[in-house]
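Report on the structure given below.
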Amino acid sequence: MTTKTWGAGGFAVLLLLTSVELVVFLEVSIVNVALPAIGATLAIGETGLAWVVNAYQLTFGGFQLVGGRAADVLGRRRMFQAGLVLFTGGSLMCGLAPDAGTLLAGRAVQGIGAALVVPAELALLAAIFTEPAVHRRAFGVWSAMAAAGAASGVALGGILTEGAGWPWIFLINVPIGVVALLAGPRLLPPDGPLATGAGGPRPDLVGALAGTGTLLAIVFLASELPARGWDALTAVAAAATAALAAVFAVRQRRHPQPILPPALLRQRDVRAGTVANALVGAAHVPAFVLLSLMLQEVMGYSAIVAGFAVLPIAVVNMVTARTVVPWALGRLGPRVVLAAGMGLLMLGLAGYALLLHPAAGFLTAVLPPGLAFAVGLPAVFVASTSPAVRAAPEDQKGAASGLLNTAQRLGAALGVTGALMTSAAWTASRDGAASALADGLRAGFAVAAGLAALGILCALLMFTRRRADHAAGSTRRQGATR
């Protein structure tokens, strides 16, 4: 099944895939505002509450390479459905959790489910929406949902926590997951039969374990370093990362069915997309963390008001993704769109670094940089991902999707770590000054702006130079005259 026109069937498929994308990315941030209520109900201390967040981030980031390759080998629809079962079941576990252990287990199951869903969903989008104009529009909507999920989670979490209770930040996923599970077999193209016997797929289980262990160790290290610094535990995590990465690299060169096919990395746009996605994650995810701290800890906003303060980012990026981004991709091509989007992210982040302080106003200091950030965000999501997925061989699109999403999650973890460590060091250096925390957070924004600047260089130097789909446009015009 491929969709060359934007008919009702194509819209239904797109709605299914991107709605799941929205829910998965909401889970990254929706829990933050509910943490105090969760801690009070389940008697969880600060360390345990950090793991309510990290259990999802760890498994979501750690299992995506395996999830992507499984989509290629076992089938995209099968893995999309399997991931949905896990994500929905994990959400139910969290919502009904009677104790901390059940909640943390449910968050881990949610993350594994998301790691299976996202690469399969991205591979399905690339395989179904093949005509260039339709492809651009589909990926524009996909980017809007991902960015909206990241930006609106805090506000939605506050509304649900105060209005219905914290379990509903998880239980709301259950009916959505059930509907998606029922709709998937009706809307998504079927997978081919599974190969069996000696000629069937022989996945590299050792490589899968080593790769997943590497990613888990990296994300754990990034999550713990800001609070713990270098101690025995983080040193062991660093050593484990190096050892597991070496095993993974050797297995990928030698195994006939590698998790990350070496041929995939020979594609220039796949390499470029991997670096770009890492920089996208490293630049934009710290922005939400730093902005939340700035608004609440420095400027005195409540959690819910802080959530609503970032809602304009979600609204503007959804409009931009549906209108400006597909048009720009068609006229300018992904390389220019990515460079421009990274420039807007840099402008927004630099604006936060320069303008935010304890007495700053929303209309003069919070909103203007946020609008630049909001326009740039969907542009970088699409332009860093779409060319790489299109460049991947048909039987490796799942692996490419897993690689790109893994790069973005790792970039996010490392970016947050770098920004928070810079912020903490700068704050400490201010020696108790009243503005010390604000100054430290502004330093973190400056680091994120620098990472966005590196994204501009990545876009201009690493991606393939190509004219925007003029040939495809000519073909469409010819077809319209027949």
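Labels used: A, B, ... for chains in the order of the structure tokens, numbers from 1 for residues in each chain, and numbers from 1 for ligands as shown.
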
Return as a ChimeraX atom specification the full set of residues in region 183-292 of chain A whose backbone-based DSSP assignment is helix (DSSP H, G or I). /A:183-187,205-228,232-254,262-265,268-292

Which residues are close to region 334-343 of chain A, i.e. within 7 Å by only C-alpha atoms, leaving aside same-chain residues fewer than 5 positions away? Reply as a ChimeraX atom specification. /A:328-329,376-377,379-380,383-384,452-453,455-456,459-460,463

Can you tell me, as a ChimeraX atom specification, what residues are no more than 10 Å from Pro185 (chain A) when counting only C-alpha atoms, ignoring any on the same chain fewer than 6 positions away? /A:77-78,81

Ranking A:Gly192, A:Gly9, A:Gly300, A:Pro132 by minimum distance to Val73 (chain A) and counting only C-alpha atoms, which one comes first? A:Gly192

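Checking A:Val366, A:Ala114, A:Leu451, A:Leu291 one by one against Gly351 (chain A), counting only C-alpha atoms, you find the shortest gap at A:Val366.
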
Between CA of Ala278 (chain A) and CA of Gly106 (chain A) lies a distance of 27.1 Å

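You can rank A:Leu295, A:Ile38, A:Val206, A:Leu461 by their closest distance to Phe362 (chain A) using only C-alpha atoms, and at the top of that list sits A:Leu295.
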
List as a ChimeraX atom specification the protein and nucleic acid residues near Gly402 (chain A), meaning an atom at most 9 Å away when only C-alpha atoms are counted, but skip any in the same chain fewer than 4 places from it. /A:63-69,115-116,118-120,122,397-398,406-407

Surrounding residues of Ala388 (chain A) excluding itself and chain neighbours under 2 positions, 8 Å, only C-alpha atoms, as a PyMOL selection string: chain A and resi 269-273+384-386+390-392+400

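We find CA of Val310 (chain A) and CA of Ala425 (chain A) to be spaced 26.3 Å apart.
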
Region 355-361 of chain A surroundings by only C-alpha atoms, 10 Å radius, close-in-sequence under 3 positions cut, as an mmCIF file with N, CA and C atoms, in the first residue's frame:
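Output below, filename part30.cif:
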data_model
loop_
_atom_site.group_PDB
_atom_site.id
_atom_site.type_symbol
_atom_site.label_atom_id
_atom_site.label_comp_id
_atom_site.auth_asym_id
_atom_site.auth_seq_id
_atom_site.Cartn_x
_atom_site.Cartn_y
_atom_site.Cartn_z
ATOM 1 N N LEU A 291 13.672 26.160 30.620
ATOM 2 C CA LEU A 291 12.589 27.138 30.652
ATOM 3 C C LEU A 291 11.635 26.863 31.810
ATOM 4 N N MET A 294 13.392 28.094 34.889
ATOM 5 C CA MET A 294 13.451 29.549 34.902
ATOM 6 C C MET A 294 12.100 30.148 35.280
ATOM 7 N N LEU A 295 11.032 29.649 34.668
ATOM 8 C CA LEU A 295 9.710 30.204 34.920
ATOM 9 C C LEU A 295 9.261 29.963 36.360
ATOM 10 N N GLU A 297 11.270 28.559 39.193
ATOM 11 C CA GLU A 297 12.212 28.804 40.275
ATOM 12 C C GLU A 297 12.709 30.246 40.329
ATOM 13 N N VAL A 298 12.749 30.906 39.172
ATOM 14 C CA VAL A 298 13.295 32.261 39.123
ATOM 15 C C VAL A 298 12.185 33.304 38.995
ATOM 16 N N MET A 299 11.227 33.073 38.114
ATOM 17 C CA MET A 299 10.216 34.084 37.821
ATOM 18 C C MET A 299 8.932 33.888 38.624
ATOM 19 N N GLY A 300 8.834 32.804 39.406
ATOM 20 C CA GLY A 300 7.729 32.641 40.328
ATOM 21 C C GLY A 300 6.436 32.129 39.742
ATOM 22 N N LEU A 349 16.942 30.301 21.496
ATOM 23 C CA LEU A 349 17.707 29.938 22.689
ATOM 24 C C LEU A 349 18.620 31.082 23.135
ATOM 25 N N ALA A 350 19.241 31.753 22.174
ATOM 26 C CA ALA A 350 20.062 32.916 22.524
ATOM 27 C C ALA A 350 19.198 34.025 23.117
ATOM 28 N N GLY A 351 17.965 34.160 22.600
ATOM 29 C CA GLY A 351 17.048 35.155 23.161
ATOM 30 C C GLY A 351 16.724 34.855 24.615
ATOM 31 N N TYR A 352 16.456 33.584 24.921
ATOM 32 C CA TYR A 352 16.233 33.209 26.318
ATOM 33 C C TYR A 352 17.460 33.537 27.173
ATOM 34 N N THR A 364 7.503 40.364 26.676
ATOM 35 C CA THR A 364 8.744 40.961 26.181
ATOM 36 C C THR A 364 9.932 40.013 26.196
ATOM 37 N N ALA A 365 9.920 39.011 27.075
ATOM 38 C CA ALA A 365 11.107 38.163 27.222
ATOM 39 C C ALA A 365 10.847 36.678 27.002
ATOM 40 N N VAL A 366 9.641 36.215 27.307
ATOM 41 C CA VAL A 366 9.347 34.788 27.168
ATOM 42 C C VAL A 366 8.774 34.470 25.787
ATOM 43 N N LEU A 367 7.806 35.252 25.351
ATOM 44 C CA LEU A 367 7.105 34.941 24.104
ATOM 45 C C LEU A 367 7.945 35.134 22.845
ATOM 46 N N PRO A 368 8.668 36.254 22.665
ATOM 47 C CA PRO A 368 9.384 36.439 21.389
ATOM 48 C C PRO A 368 10.402 35.330 21.083
ATOM 49 N N PRO A 369 11.304 34.978 22.023
ATOM 50 C CA PRO A 369 12.190 33.854 21.698
ATOM 51 C C PRO A 369 11.426 32.554 21.478
ATOM 52 N N ALA A 434 22.212 37.113 44.347
ATOM 53 C CA ALA A 434 20.763 36.933 44.243
ATOM 54 C C ALA A 434 20.352 36.407 42.879
ATOM 55 N N SER A 435 21.087 36.775 41.856
ATOM 56 C CA SER A 435 20.747 36.357 40.502
ATOM 57 C C SER A 435 21.496 35.102 40.073
ATOM 58 N N LEU A 437 21.035 31.789 40.333
ATOM 59 C CA LEU A 437 20.302 30.733 39.636
ATOM 60 C C LEU A 437 19.910 31.187 38.240
ATOM 61 N N ALA A 438 19.430 32.419 38.118
ATOM 62 C CA ALA A 438 19.049 32.934 36.798
ATOM 63 C C ALA A 438 20.254 32.964 35.862
ATOM 64 N N ASP A 439 21.392 33.405 36.382
ATOM 65 C CA ASP A 439 22.608 33.459 35.560
ATOM 66 C C ASP A 439 23.022 32.056 35.121
ATOM 67 N N LEU A 441 21.059 29.400 34.715
ATOM 68 C CA LEU A 441 20.119 28.906 33.705
ATOM 69 C C LEU A 441 20.359 29.587 32.362
ATOM 70 N N ARG A 442 20.694 30.870 32.367
ATOM 71 C CA ARG A 442 21.014 31.546 31.107
ATOM 72 C C ARG A 442 22.255 30.938 30.466
#

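Each of A:Gln408, A:Ala97, A:Ala55, A:Ser143 was compared to Val109 (chain A) using only C-alpha atoms, and A:Ala55 turns out to be the nearest.
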
With distances taken over only C-alpha atoms, the candidate from A:Ala123, A:Val85, A:Leu264, A:Ala243 nearest Ala70 (chain A) is A:Ala123
